[in-house]
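Visitor: Contents are compact mmCIF, C-alpha atoms; file name model08.txt:
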```txt
# COMPACT_ATOMS: atom_id res chain seq x y z
CA MET A 1 0.00 0.00 0.00
CA SER A 2 1.18 3.54 -0.66
CA ALA A 3 1.49 5.89 2.31
CA THR A 4 0.24 9.49 1.98
CA PHE A 5 1.93 10.69 5.18
CA LEU A 6 4.83 9.25 7.16
CA VAL A 7 5.16 9.59 10.91
CA ALA A 8 8.17 8.06 12.67
CA ILE A 9 8.07 7.28 16.39
CA GLU A 10 11.14 6.54 18.49
CA ALA A 11 11.15 3.90 21.19
CA PHE A 12 11.07 5.04 24.81
CA ASP A 13 10.69 3.47 28.24
CA GLY A 14 7.16 2.80 29.38
CA ASP A 15 3.75 2.16 27.84
CA ASN A 16 3.54 3.66 24.35
CA THR A 17 -0.11 2.77 23.67
CA ASP A 18 -1.71 6.20 23.84
CA ARG A 19 0.84 7.85 21.56
CA LEU A 20 0.68 5.05 18.98
CA GLN A 21 -3.12 4.95 18.93
CA ALA A 22 -3.44 8.72 18.69
CA THR A 23 -1.08 8.74 15.71
CA ILE A 24 -3.04 5.96 14.01
CA ASN A 25 -6.28 7.88 14.52
CA THR A 26 -4.81 11.12 13.17
CA LEU A 27 -3.30 9.47 10.10
CA SER A 28 -6.58 7.78 9.25
CA ALA A 29 -8.55 10.98 9.69
CA SER A 30 -6.08 12.76 7.39
CA GLY A 31 -6.60 10.29 4.56
CA GLY A 32 -4.08 7.63 5.52
CA GLY A 33 -0.37 7.15 5.90
CA ARG A 34 2.43 5.13 7.45
CA LEU A 35 3.27 4.98 11.14
CA LYS A 36 6.88 3.81 11.33
CA LEU A 37 8.28 2.43 14.57
CA LEU A 38 12.00 3.12 14.79
CA ALA A 39 14.58 0.75 16.26
CA GLY A 40 14.08 -0.19 19.91
CA ILE A 41 11.36 -1.67 22.11
CA HIS A 42 7.82 -0.30 21.87
CA LEU A 43 5.71 -1.51 24.80
CA CYS A 44 1.96 -1.31 24.32
CA ARG A 45 -1.47 -2.59 25.21
CA GLY A 46 -4.05 -3.18 22.49
CA LEU A 47 -3.91 -1.20 19.25
CA GLN A 48 -6.67 -0.71 16.68
CA LEU A 49 -5.64 -0.09 13.07
CA ARG A 50 -7.89 2.22 11.10
CA SER A 51 -8.52 2.72 7.40
CA GLY A 52 -5.61 3.90 5.30
CA VAL A 53 -2.93 3.22 7.92
CA ASP A 54 0.16 1.05 7.53
CA LEU A 55 1.80 0.15 10.85
CA HIS A 56 5.41 -0.27 9.75
CA LEU A 57 8.00 -1.88 12.02
CA GLY A 58 11.35 -0.57 10.89
CA ALA A 59 14.60 -2.54 11.08
CA GLY A 60 15.43 -3.19 14.73
CA ALA A 61 11.97 -2.20 15.96
CA VAL A 62 10.32 -4.54 18.47
CA LEU A 63 6.63 -4.17 19.24
CA ARG A 64 6.15 -5.85 22.63
CA PRO A 65 2.49 -6.14 23.66
CA VAL A 66 1.79 -6.33 27.39
CA PRO A 67 1.50 -10.04 28.35
CA ASP A 68 -1.79 -9.66 30.26
CA TYR A 69 -5.22 -10.64 28.95
CA ALA A 70 -6.84 -7.79 30.90
CA ALA A 71 -4.77 -5.28 28.92
CA TYR A 72 -6.92 -5.89 25.82
CA THR A 73 -10.43 -5.11 27.05
CA HIS A 74 -10.56 -2.24 24.53
CA THR A 75 -9.55 -4.43 21.55
CA THR A 76 -12.24 -7.10 21.60
CA VAL A 77 -13.69 -8.85 18.54
CA SER A 78 -16.98 -10.66 17.92
CA VAL A 79 -15.53 -14.00 16.76
CA ILE A 80 -14.42 -15.99 19.80
CA ALA A 81 -11.58 -18.48 19.49
CA GLU A 82 -10.60 -20.82 22.33
CA LYS A 83 -12.56 -18.55 24.74
CA SER A 84 -10.61 -15.50 23.53
CA ASP A 85 -12.59 -12.43 22.44
CA ARG A 86 -9.65 -10.05 22.06
CA GLY A 87 -6.45 -9.37 20.18
CA MET A 88 -3.23 -7.45 20.66
CA ILE A 89 -3.63 -5.64 17.33
CA VAL A 90 -7.13 -5.49 15.83
CA ALA A 91 -8.98 -3.83 12.97
CA LYS A 92 -12.72 -3.79 12.28
CA GLY A 93 -14.30 -2.78 9.00
CA ALA A 94 -11.14 -1.00 7.89
CA ARG A 95 -9.94 -0.55 4.31
CA ARG A 96 -6.40 -0.27 2.94
CA ILE A 97 -4.50 -1.28 6.07
CA GLY A 98 -1.09 -2.83 6.51
CA LEU A 99 1.28 -4.37 9.02
CA THR A 100 4.67 -4.26 7.37
CA GLY A 101 8.41 -3.83 7.84
CA GLU A 102 11.49 -5.74 8.93
CA GLY A 103 10.83 -5.47 12.67
CA ARG A 104 9.38 -7.94 15.16
CA ILE A 105 6.34 -8.50 17.34
CA GLU A 106 7.32 -10.36 20.51
CA ALA A 107 4.04 -11.63 21.94
CA GLY A 108 5.17 -13.06 25.29
CA CYS A 109 3.60 -16.53 25.33
CA GLU A 110 5.54 -17.53 28.44
CA SER A 111 3.21 -15.35 30.54
CA PHE A 112 0.25 -17.47 29.44
CA ILE A 113 1.64 -20.88 30.45
CA ILE A 114 0.43 -22.26 33.79
CA GLY A 115 1.90 -25.77 33.76
CA ASP A 116 3.57 -28.61 31.89
CA ASP A 117 1.61 -31.74 30.94
CA GLU A 118 4.45 -34.15 30.28
CA SER A 119 2.01 -37.02 29.69
CA VAL A 120 0.99 -35.55 26.32
CA GLY A 121 4.03 -33.39 25.69
CA THR A 122 2.42 -29.95 25.90
CA PHE A 123 2.41 -26.94 28.15
CA ILE A 124 -0.87 -26.18 29.94
CA PRO A 125 -2.13 -22.82 28.69
CA ALA A 126 -3.95 -20.18 30.69
CA GLU A 127 -7.73 -20.23 30.27
CA PHE A 128 -7.78 -16.86 28.51
CA ARG A 129 -5.16 -15.76 25.97
CA PRO A 130 -5.25 -12.98 23.39
CA ARG A 131 -4.60 -13.53 19.72
CA VAL A 132 -1.79 -11.43 18.29
CA VAL A 133 -3.56 -9.96 15.21
CA VAL A 134 -7.30 -10.08 14.47
CA PHE A 135 -8.60 -8.21 11.42
CA GLN A 136 -12.37 -8.44 11.02
CA ASP A 137 -14.39 -7.44 7.93
CA CYS A 138 -11.47 -5.56 6.39
CA ASP A 139 -10.69 -4.97 2.71
CA GLU A 140 -7.34 -4.42 0.96
CA VAL A 141 -5.10 -5.84 3.67
CA GLU A 142 -1.33 -6.28 3.42
CA ILE A 143 0.90 -8.09 5.93
CA SER A 144 4.50 -8.30 4.78
CA SER A 145 8.07 -8.96 5.90
CA ILE A 146 7.48 -8.84 9.67
CA THR A 147 8.47 -11.52 12.19
CA ILE A 148 6.10 -12.58 14.98
CA SER A 149 7.41 -14.71 17.82
CA ARG A 150 6.00 -16.49 20.89
CA SER A 151 2.30 -16.04 20.21
CA PRO A 152 0.14 -17.03 23.21
CA MET A 153 -2.73 -18.14 20.94
CA TRP A 154 -3.65 -17.83 17.24
CA THR A 155 -1.09 -15.58 15.58
CA LEU A 156 -2.72 -13.98 12.51
CA HIS A 157 -6.51 -14.32 12.38
CA PHE A 158 -8.39 -12.77 9.46
CA VAL A 159 -12.19 -12.84 9.75
CA GLY A 160 -14.44 -12.01 6.81
CA CYS A 161 -11.65 -10.12 5.02
CA THR A 162 -11.35 -9.53 1.27
CA ASP A 163 -8.41 -8.70 -1.01
CA LEU A 164 -5.85 -9.96 1.51
CA ALA A 165 -2.11 -10.50 0.97
CA VAL A 166 0.32 -12.07 3.47
CA ARG A 167 3.85 -12.10 2.09
CA ASN A 168 7.29 -12.98 3.42
CA VAL A 169 6.10 -13.25 7.03
CA THR A 170 7.98 -15.30 9.64
CA ILE A 171 6.13 -16.85 12.60
CA GLU A 172 8.17 -18.51 15.36
CA ASN A 173 6.00 -19.95 18.12
CA ASP A 174 6.69 -22.29 21.03
CA ARG A 175 6.16 -25.80 19.67
CA ARG A 176 4.79 -27.08 22.98
CA LEU A 177 2.03 -24.49 23.50
CA PRO A 178 -1.38 -25.58 22.08
CA ASN A 179 -3.66 -23.39 19.94
CA THR A 180 -0.84 -21.27 18.54
CA ASP A 181 -2.01 -21.50 14.92
CA GLY A 182 0.14 -19.54 12.46
CA ILE A 183 -2.23 -17.99 9.88
CA VAL A 184 -6.00 -18.48 10.03
CA LEU A 185 -8.25 -17.35 7.16
CA ASP A 186 -11.80 -17.39 8.50
CA ALA A 187 -14.50 -16.84 5.87
CA CYS A 188 -12.11 -14.74 3.78
CA ARG A 189 -12.46 -14.17 0.05
CA GLY A 190 -9.67 -13.41 -2.37
CA ALA A 191 -6.44 -14.02 -0.44
CA VAL A 192 -2.82 -14.79 -1.27
CA ILE A 193 -0.35 -16.19 1.26
CA GLU A 194 3.15 -16.58 -0.15
CA ASP A 195 6.81 -16.98 0.82
CA CYS A 196 6.04 -17.33 4.55
CA ARG A 197 7.94 -19.34 7.17
CA ILE A 198 5.95 -20.79 10.05
CA SER A 199 6.94 -22.94 13.02
CA THR A 200 4.23 -23.63 15.58
CA ALA A 201 2.60 -26.21 17.84
CA ASP A 202 -0.77 -26.01 16.11
CA ASP A 203 -2.01 -25.61 12.54
CA GLY A 204 0.38 -23.78 10.24
CA ILE A 205 -1.96 -22.23 7.64
CA CYS A 206 -5.63 -22.95 8.25
CA LEU A 207 -8.79 -22.06 6.33
CA LYS A 208 -12.11 -22.23 8.15
CA THR A 209 -15.61 -20.77 8.41
CA SER A 210 -16.64 -20.03 11.98
CA ILE A 211 -20.07 -19.57 13.47
CA GLY A 212 -21.23 -16.13 14.60
CA PRO A 213 -22.95 -15.09 17.84
CA ASP A 214 -26.31 -15.60 16.09
CA GLY A 215 -25.53 -19.27 15.45
CA VAL A 216 -25.11 -18.75 11.68
CA ALA A 217 -21.94 -19.16 9.62
CA ILE A 218 -20.11 -15.84 9.33
CA GLY A 219 -19.54 -16.41 5.61
CA GLN A 220 -17.77 -18.45 2.98
CA CYS A 221 -14.06 -18.93 2.35
CA GLU A 222 -13.18 -18.85 -1.34
CA ASN A 223 -10.56 -18.02 -3.95
CA ILE A 224 -7.49 -18.63 -1.79
CA VAL A 225 -3.90 -19.24 -2.98
CA VAL A 226 -1.11 -20.43 -0.67
CA ARG A 227 2.31 -20.82 -2.31
CA ARG A 228 6.01 -21.12 -1.57
CA CYS A 229 5.53 -21.42 2.19
CA ALA A 230 7.67 -23.50 4.58
CA VAL A 231 5.74 -24.86 7.55
CA GLN A 232 6.50 -26.86 10.69
CA SER A 233 3.43 -27.87 12.68
CA LEU A 234 2.55 -30.21 15.53
CA SER A 235 -1.00 -30.36 14.23
CA CYS A 236 -1.64 -29.95 10.48
CA ALA A 237 0.65 -27.81 8.34
CA LEU A 238 -1.71 -26.92 5.46
CA LYS A 239 -5.32 -27.35 6.52
CA ILE A 240 -8.98 -26.72 5.77
CA GLY A 241 -11.29 -27.01 8.80
CA THR A 242 -12.08 -28.02 11.48
CA GLU A 243 -14.72 -25.27 11.79
CA THR A 244 -16.67 -25.50 8.52
CA HIS A 245 -20.02 -23.83 9.11
CA GLY A 246 -19.90 -22.08 5.72
CA ASP A 247 -18.68 -23.35 2.36
CA VAL A 248 -15.00 -23.44 1.38
CA SER A 249 -14.20 -23.42 -2.35
CA ASN A 250 -11.53 -22.72 -4.95
CA VAL A 251 -8.40 -23.23 -2.86
CA VAL A 252 -4.84 -23.89 -4.08
CA PHE A 253 -1.82 -24.91 -1.99
CA GLU A 254 1.29 -25.13 -4.19
CA ASP A 255 5.09 -25.23 -4.11
CA CYS A 256 5.24 -25.54 -0.32
CA SER A 257 7.40 -27.57 2.05
CA VAL A 258 6.28 -29.25 5.27
CA SER A 259 8.79 -30.55 7.83
CA SER A 260 8.81 -31.83 11.43
CA SER A 261 5.02 -32.03 11.38
CA ASN A 262 2.27 -34.32 12.63
CA ARG A 263 0.31 -33.97 9.44
CA ALA A 264 1.17 -32.31 6.17
CA LEU A 265 -2.09 -31.81 4.24
CA GLY A 266 -5.54 -32.01 5.78
CA ILE A 267 -9.24 -31.40 5.11
CA PHE A 268 -11.72 -31.80 7.99
CA SER A 269 -15.46 -31.31 7.43
CA ARG A 270 -17.56 -31.09 10.61
CA ASP A 271 -20.21 -28.36 10.61
CA GLY A 272 -22.34 -28.32 7.46
CA GLY A 273 -20.27 -26.32 4.99
CA ARG A 274 -19.35 -27.90 1.65
CA ILE A 275 -15.66 -28.07 0.74
CA SER A 276 -15.01 -28.13 -3.00
CA ASN A 277 -12.41 -27.50 -5.70
CA VAL A 278 -9.24 -27.88 -3.65
CA ARG A 279 -5.79 -28.59 -5.10
CA PHE A 280 -2.53 -29.48 -3.37
CA SER A 281 0.35 -29.32 -5.87
CA ARG A 282 4.12 -29.73 -5.67
CA ILE A 283 4.41 -30.21 -1.91
CA ALA A 284 7.39 -31.75 -0.10
CA VAL A 285 6.40 -33.41 3.19
CA GLU A 286 8.07 -34.84 6.26
CA CYS A 287 5.61 -36.18 8.85
CA ARG A 288 6.37 -37.81 12.19
CA GLU A 289 4.53 -39.78 14.83
CA THR A 290 3.62 -37.81 17.93
CA PRO A 291 1.98 -38.56 21.31
CA ASP A 292 -1.80 -38.96 21.37
CA GLY A 293 -2.21 -35.52 22.94
CA PHE A 294 -1.62 -33.99 19.51
CA TRP A 295 -4.03 -34.58 16.64
CA GLY A 296 -2.76 -36.91 13.93
CA SER A 297 0.38 -38.94 13.80
CA GLY A 298 2.52 -38.80 10.71
CA GLU A 299 -0.03 -38.63 7.87
CA ALA A 300 1.08 -37.04 4.62
CA LEU A 301 -2.58 -36.49 3.68
CA THR A 302 -5.71 -36.88 5.76
CA VAL A 303 -9.25 -36.04 4.64
CA ASN A 304 -12.26 -36.90 6.76
CA ILE A 305 -15.90 -36.05 7.39
CA VAL A 306 -17.54 -36.56 10.79
CA ASP A 307 -20.96 -35.45 12.05
CA ARG A 308 -19.98 -34.07 15.43
CA ILE A 309 -23.40 -32.46 16.04
CA ALA A 310 -26.39 -34.52 14.89
CA GLU A 311 -28.56 -31.46 14.26
CA ARG A 312 -25.90 -29.98 11.96
CA PRO A 313 -24.47 -32.75 9.78
CA ALA A 314 -21.10 -32.28 8.09
CA GLY A 315 -20.93 -31.08 4.50
CA ALA A 316 -19.48 -32.96 1.53
CA VAL A 317 -15.91 -32.81 0.27
CA GLU A 318 -15.84 -32.72 -3.53
CA ASN A 319 -13.34 -32.28 -6.34
CA LEU A 320 -10.00 -32.72 -4.59
CA ILE A 321 -6.71 -32.92 -6.50
CA VAL A 322 -3.46 -33.97 -4.80
CA GLU A 323 -0.51 -34.04 -7.19
CA ASP A 324 3.28 -34.06 -7.21
CA VAL A 325 3.68 -34.75 -3.48
CA THR A 326 6.99 -36.20 -2.32
CA GLY A 327 8.71 -36.98 0.98
CA ARG A 328 8.29 -39.30 3.95
CA MET A 329 5.67 -40.20 6.53
CA GLU A 330 5.39 -42.41 9.59
CA GLY A 331 1.60 -42.70 9.32
CA ALA A 332 -0.58 -43.35 6.28
CA ILE A 333 -2.66 -41.48 3.72
CA THR A 334 -6.27 -41.49 4.95
CA ILE A 335 -9.42 -40.39 3.10
CA ILE A 336 -12.46 -41.29 5.20
CA ALA A 337 -16.13 -40.34 4.95
CA ALA A 338 -17.63 -41.23 8.34
CA ALA A 339 -20.78 -39.20 7.61
CA PRO A 340 -23.50 -39.43 4.92
CA ALA A 341 -22.47 -36.28 3.01
CA GLY A 342 -19.53 -38.20 1.62
CA ILE A 343 -16.33 -37.52 -0.28
CA ARG A 344 -16.52 -37.42 -4.08
CA ASN A 345 -14.17 -37.02 -7.01
CA VAL A 346 -10.67 -37.38 -5.62
CA SER A 347 -7.53 -37.52 -7.77
CA LEU A 348 -4.08 -38.50 -6.48
CA ALA A 349 -1.35 -38.20 -9.10
CA ARG A 350 2.43 -38.46 -9.05
CA VAL A 351 2.71 -39.11 -5.33
CA ALA A 352 6.04 -40.58 -4.17
CA ILE A 353 6.41 -41.08 -0.43
CA ASP A 354 8.56 -43.25 1.82
CA GLN A 355 6.51 -44.80 4.61
CA GLN A 356 8.75 -45.54 7.57
CA PRO A 357 8.09 -46.81 11.10
CA GLY A 358 8.15 -44.31 13.94
CA GLN A 359 9.32 -44.74 17.50
CA LEU A 360 5.93 -44.38 19.22
CA GLY A 361 3.58 -46.66 17.32
CA THR A 362 0.85 -44.00 17.30
CA GLY A 363 0.75 -44.02 13.51
CA ARG A 364 -0.92 -47.42 13.58
CA THR A 365 -4.29 -45.80 14.35
CA TYR A 366 -6.22 -43.33 12.24
CA ASP A 367 -7.57 -40.15 13.77
CA LEU A 368 -11.16 -38.88 13.42
CA ARG A 369 -10.91 -36.13 16.03
CA PRO A 370 -12.54 -33.82 16.85
CA THR A 371 -15.67 -35.82 17.65
CA ASN A 372 -18.80 -35.05 19.62
CA ALA A 373 -16.94 -36.23 22.74
CA ASP A 374 -14.46 -33.36 22.39
CA LEU A 375 -17.16 -30.66 22.49
CA ALA A 376 -18.20 -31.42 26.07
CA PRO A 377 -15.63 -33.71 27.68
CA LYS A 378 -16.53 -35.36 30.97
CA ALA A 379 -14.77 -34.05 34.04
CA ASP A 380 -13.21 -37.46 34.64
CA GLY A 381 -12.47 -38.11 30.98
CA GLY A 382 -9.05 -36.52 30.91
CA GLY A 383 -7.72 -34.37 28.10
CA ARG A 384 -8.51 -30.86 26.90
CA ALA A 385 -11.74 -29.55 25.45
CA ASN A 386 -11.72 -29.77 21.64
CA ALA A 387 -8.47 -31.74 21.75
CA TRP A 388 -8.77 -35.19 23.22
CA THR A 389 -11.01 -37.12 25.58
CA ARG A 390 -10.49 -40.63 26.94
CA GLY A 391 -13.30 -43.16 27.02
CA ALA A 392 -14.08 -45.69 29.74
CA ASP A 393 -11.45 -48.00 28.26
CA GLY A 394 -8.76 -45.36 28.71
CA ARG A 395 -8.28 -44.88 24.97
CA VAL A 396 -8.54 -41.52 23.25
CA ILE A 397 -11.97 -41.22 21.61
CA GLY A 398 -11.63 -40.79 17.87
CA LEU A 399 -8.51 -42.90 17.42
CA GLN A 400 -9.43 -46.02 15.44
CA ASP A 401 -7.50 -49.18 14.60
CA TYR A 402 -6.89 -49.78 10.91
CA PRO A 403 -8.59 -53.02 9.80
CA GLY A 404 -5.81 -55.57 9.44
CA GLY A 405 -3.09 -53.11 10.38
CA MET A 406 -1.76 -49.85 8.95
CA PRO A 407 -1.70 -49.72 5.13
CA ALA A 408 0.01 -47.13 2.99
CA ALA A 409 -3.38 -45.62 2.11
CA TYR A 410 -6.80 -46.15 3.70
CA VAL A 411 -9.89 -45.02 1.79
CA ALA A 412 -13.41 -45.41 3.20
CA GLY A 413 -16.77 -44.21 1.92
CA VAL A 414 -15.33 -42.32 -1.07
CA THR A 415 -17.18 -42.08 -4.39
CA GLY A 416 -14.91 -41.69 -7.38
CA ILE A 417 -11.21 -41.86 -6.57
CA LEU A 418 -8.41 -42.04 -9.12
CA MET A 419 -4.81 -42.92 -8.25
CA ASN A 420 -2.24 -42.38 -10.97
CA GLU A 421 1.48 -42.94 -10.38
CA VAL A 422 1.04 -43.22 -6.62
CA ARG A 423 4.16 -44.90 -5.22
CA ILE A 424 4.57 -45.42 -1.50
CA ASN A 425 7.77 -47.21 -0.57
CA ARG A 426 7.35 -49.44 2.48
CA PRO A 427 10.02 -51.35 4.45
CA ALA A 428 10.58 -55.05 3.91
CA PRO A 429 9.76 -56.97 5.94
CA LEU A 430 6.80 -54.94 7.13
CA PRO A 431 6.86 -53.94 10.80
CA GLN A 432 4.46 -55.54 13.24
CA GLY A 433 1.00 -53.99 13.08
CA TRP A 434 1.26 -52.99 9.41
CA ASN A 435 -1.21 -54.19 6.79
CA GLU A 436 0.24 -56.39 4.06
CA ASN A 437 -1.93 -54.53 1.55
CA ASP A 438 -0.61 -51.18 0.37
CA VAL A 439 -4.07 -49.75 -0.26
CA VAL A 440 -7.21 -50.69 1.65
CA MET A 441 -10.56 -49.41 0.41
CA GLU A 442 -13.90 -49.78 2.18
CA THR A 443 -17.12 -48.99 0.38
CA ALA A 444 -20.64 -48.99 1.74
CA SER A 445 -22.88 -51.90 0.72
CA PRO A 446 -26.66 -51.50 0.27
CA ASP A 447 -27.26 -53.35 3.53
CA GLY A 448 -24.94 -50.98 5.40
CA SER A 449 -22.13 -53.45 5.88
CA GLY A 450 -18.58 -52.91 4.69
CA ALA A 451 -17.28 -54.33 1.44
CA TRP A 452 -13.51 -54.54 1.29
CA GLN A 453 -11.29 -54.03 -1.73
CA ASN A 454 -7.59 -54.66 -1.18
```
Go through the file and emit its structure as structure tokens.
Guide:
Amino acid sequence: MSATFLVAIEAFDGDNTDRLQATINTLSASGGGRLKLLAGIHLCRGLQLRSGVDLHLGAGAVLRPVPDYAAYTHTTVSVIAEKSDRGMIVAKGARRIGLTGEGRIEAGCESFIIGDDESVGTFIPAEFRPRVVVFQDCDEVEISSITISRSPMWTLHFVGCTDLAVRNVTIENDRRLPNTDGIVLDACRGAVIEDCRISTADDGICLKTSIGPDGVAIGQCENIVVRRCAVQSLSCALKIGTETHGDVSNVVFEDCSVSSSNRALGIFSRDGGRISNVRFSRIAVECRETPDGFWGSGEALTVNIVDRIAERPAGAVENLIVEDVTGRMEGAITIIAAAPAGIRNVSLARVAIDQQPGQLGTGRTYDLRPTNADLAPKADGGGRANAWTRGADGRVIGLQDYPGGMPAAYVAGVTGILMNEVRINRPAPLPQGWNENDVVMETASPDGSGAWQN
């Protein structure tokens, strides 16, 4: 974006909120411009960007938001995420806004950790944590070149935004703190995410469609391009879902790399929205087994549909292309329709992956979480809400045994799937608990029973 006026602010000791916000307000009222933070530490509480303003972090500038949830009562938003209704930097209904520059935002996640759950390998987060950036119903948005570190919760959350560009952004989060998603596009339309580097404990780049306070989907997510991004994630690196109240369509992920991740590519339909016309192209993956406290365990690709609320059945997944995917995994490829809406028209082409055994054995189950059990876990069920819940048998609900052991690919309830030049190299002899069949397909019979095709 082009800046009409430029105002530069030097760092100084103490809370800089009032001066920064007053400058933002003045620039916007004057027709727009750039607020440049000069080198040094800028301490602040919540900031609200306004139309026409580019908040530019110059080289050596560090924006350090106050690590206290109560400091953001004046920067609340309507879309709640993980109980959070506020952000460190927010914008509502603004046009032509930016967050740019070579500086850093240091978000202070360590102040929102209250314990260490070694049994599942994660820190225990505080009940209430702010997101770093939440832009709601904004148009012509640019985020470029900045670095964000140690987010306490979701890092960049865009809600109902249009004409959005996120370029050359680095996100470095603690890989043991849950819910620290990198970039979340929530019912956005017309967005490009490119040349970003993300390392986080939760989803790397996630597209979803949340529900509003009125119980209705806030909108659709469509016409999205993600390219040339490098992602490390202890959930799913490149993901659609889990919240899918509105439709998601016309999405491309291409020329990306995924490393040190639970899952590489994922689509999860749960809440009634239809997911269609999605393409994953030219992706390098490296997926590892992880403890059951994290979703997934080493799948290069996982697509599933689950009705988690009976009154709001999941929507269909249709027209999916996965092509030119290479790398290694310790789990399997899974494409599973566990709900009537179904999965239709899937093409896998030129997939070359090494399937190797992990050290934990968790890859030998497939994962259908989140389920209905995760929405309202029992007090004695263990786990975290919307993460994992143990049943009476002590097992995590939603983790299922593969029939006959873990194959290279497991397909269930899919109508119309084409596999062309799909090569998954498996060890010989096969490890214990692995299926001797490379591909296992289950289709529904008229009587409701399962018909197996190996």
Visitor: Which is closest to Arg369 (chain A) among A:Pro357, A:Gly327, A:Gly296, A:Pro429, if we use all atoms listed in the file?
Guide: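 That would be A:Gly296, the residue with the smallest distance to Arg369 (chain A).
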Visitor: So that each row is one residue of region 313-351 of chain A with an atom at most 12 Å from region 247-255 of chain A, can you give its shortest atom pair and the distance in Å to one decimal, using all atoms listed in the file, rows by chain and rising number, as JSON lines?
Guide:
```
{"residue": "A:Ala314", "atom": "CA", "partner": "A:Asp247", "partner_atom": "CA", "distance": 10.9}
{"residue": "A:Gly315", "atom": "CA", "partner": "A:Asp247", "partner_atom": "CA", "distance": 8.3}
{"residue": "A:Ala316", "atom": "CA", "partner": "A:Asp247", "partner_atom": "CA", "distance": 9.7}
{"residue": "A:Val317", "atom": "CA", "partner": "A:Val248", "partner_atom": "CA", "distance": 9.5}
{"residue": "A:Glu318", "atom": "CA", "partner": "A:Ser249", "partner_atom": "CA", "distance": 9.5}
{"residue": "A:Asn319", "atom": "CA", "partner": "A:Ser249", "partner_atom": "CA", "distance": 9.8}
{"residue": "A:Leu320", "atom": "CA", "partner": "A:Val251", "partner_atom": "CA", "distance": 9.8}
{"residue": "A:Ile321", "atom": "CA", "partner": "A:Val252", "partner_atom": "CA", "distance": 9.5}
{"residue": "A:Val322", "atom": "CA", "partner": "A:Phe253", "partner_atom": "CA", "distance": 9.6}
{"residue": "A:Glu323", "atom": "CA", "partner": "A:Glu254", "partner_atom": "CA", "distance": 9.6}
{"residue": "A:Asp324", "atom": "CA", "partner": "A:Asp255", "partner_atom": "CA", "distance": 9.5}
{"residue": "A:Val325", "atom": "CA", "partner": "A:Asp255", "partner_atom": "CA", "distance": 9.6}
{"residue": "A:Thr326", "atom": "CA", "partner": "A:Asp255", "partner_atom": "CA", "distance": 11.3}
```
Visitor: For Phe268 (chain A), please output as a PDB file with C-alpha atoms, in the coordinates of the input all residues within 8 Å (counting all atoms listed in the file; exclusion window: fewer than 3 positions along the same chain).
Guide:
```
ATOM      1  CA  LYS A 239      -5.320 -27.350   6.520  1.00  0.00           C
ATOM      2  CA  ILE A 240      -8.980 -26.720   5.770  1.00  0.00           C
ATOM      3  CA  GLY A 241     -11.290 -27.010   8.800  1.00  0.00           C
ATOM      4  CA  THR A 242     -12.080 -28.020  11.480  1.00  0.00           C
ATOM      5  CA  VAL A 303      -9.250 -36.040   4.640  1.00  0.00           C
ATOM      6  CA  ASN A 304     -12.260 -36.900   6.760  1.00  0.00           C
ATOM      7  CA  ILE A 305     -15.900 -36.050   7.390  1.00  0.00           C
TER       8      ILE A 305
END
```
Visitor: Have a look at CA of Ile275 (chain A) and CA of Ile218 (chain A) and let me know their distance in Å, one decimal.
Guide: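 Atom-to-atom, CA of Ile275 (chain A) and CA of Ile218 (chain A) are spaced 15.6 Å apart.
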Visitor: Report the distance between CA of Gly121 (chain A) and CA of Ala332 (chain A) in Å, rounded to one decimal place.
Guide: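 Going from CA of Gly121 (chain A) over to CA of Ala332 (chain A) covers 22.3 Å.
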Visitor: Can you list, as a PyMOL selection string, every protein, DNA or RNA residue that comes within 12 Å of Gly40 (chain A) when you count all atoms listed in the file, leaving out same-chain residues fewer than 3 positions away?
Guide: chain A and resi 9-13+36-37+43+57-64+103-105
Visitor: One number please: CA of Asp163 (chain A) to CA of Val79 (chain A), in Å, one decimal.
Guide: 19.9 Å
Visitor: Would you pick out the contacts of region 132-144 of chain A at 9 Å or less, using only C-alpha atoms, so that residues sharing its chain but fewer than 5 positions from it are not included, and give the list as a PyMOL selection string?
Guide: chain A and resi 1+49+51+54+65+77-79+86-102+105+107+151-169+188
Visitor: A:Asn372, A:Ser257, A:Asn25, A:Ser269: which is nearest Ile309 (chain A), counting only C-alpha atoms?
Guide: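 Looking only at the distances to Ile309 (chain A), the closest residue turns out to be A:Asn372.
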Visitor: With distances taken over all atoms listed in the file, which residue among A:Asp292, A:Asp367, A:Asp85, A:Glu118 lies nearest Ala70 (chain A)?
Guide: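 Closest candidate: A:Asp85.
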Visitor: If you count only C-alpha atoms, which residues fall within 7 Å of Leu265 (chain A), apart from same-chain ones fewer than 5 positions away, as number ranges by chain?
Guide: A: 236-239, 300-302
Visitor: Using all atoms listed in the file, pick whichever of A:Leu177, A:Cys221, A:Val346, A:Ile424 has the shortest atom-to-atom distance to Leu234 (chain A).
Guide: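 Using all atoms listed in the file, Leu234 (chain A) sits closest to A:Leu177.
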Visitor: With only C-alpha atoms as the atoms that count, which of A:Glu222, A:Asp181, A:Asp354, A:Glu311 lies nearest to Arg288 (chain A)?
Guide: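 Among the listed residues, A:Asp354 lies closest to Arg288 (chain A).
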Visitor: Within 9 Å of (-14.4, -49.3, 9.7), in the coordinates the file gives, what residues turn up when you count all atoms listed in the file, written out as a list in words?
Guide: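 The residues near that point, listed by chain and number, are Ala338, Gln400, Asp401, Tyr402, Pro403, Ala412, Glu442 and Gly450 of chain A.
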Visitor: Selected residues, C-alpha atoms, written as a compact mmCIF listing (two decimals), in the coordinates of the input, please.
Guide:
```txt
# COMPACT_ATOMS: atom_id res chain seq x y z
CA ALA A 338 -17.63 -41.23 8.34
CA GLN A 400 -9.43 -46.02 15.44
CA ASP A 401 -7.50 -49.18 14.60
CA TYR A 402 -6.89 -49.78 10.91
CA PRO A 403 -8.59 -53.02 9.80
CA ALA A 412 -13.41 -45.41 3.20
CA GLU A 442 -13.90 -49.78 2.18
CA GLY A 450 -18.58 -52.91 4.69
```
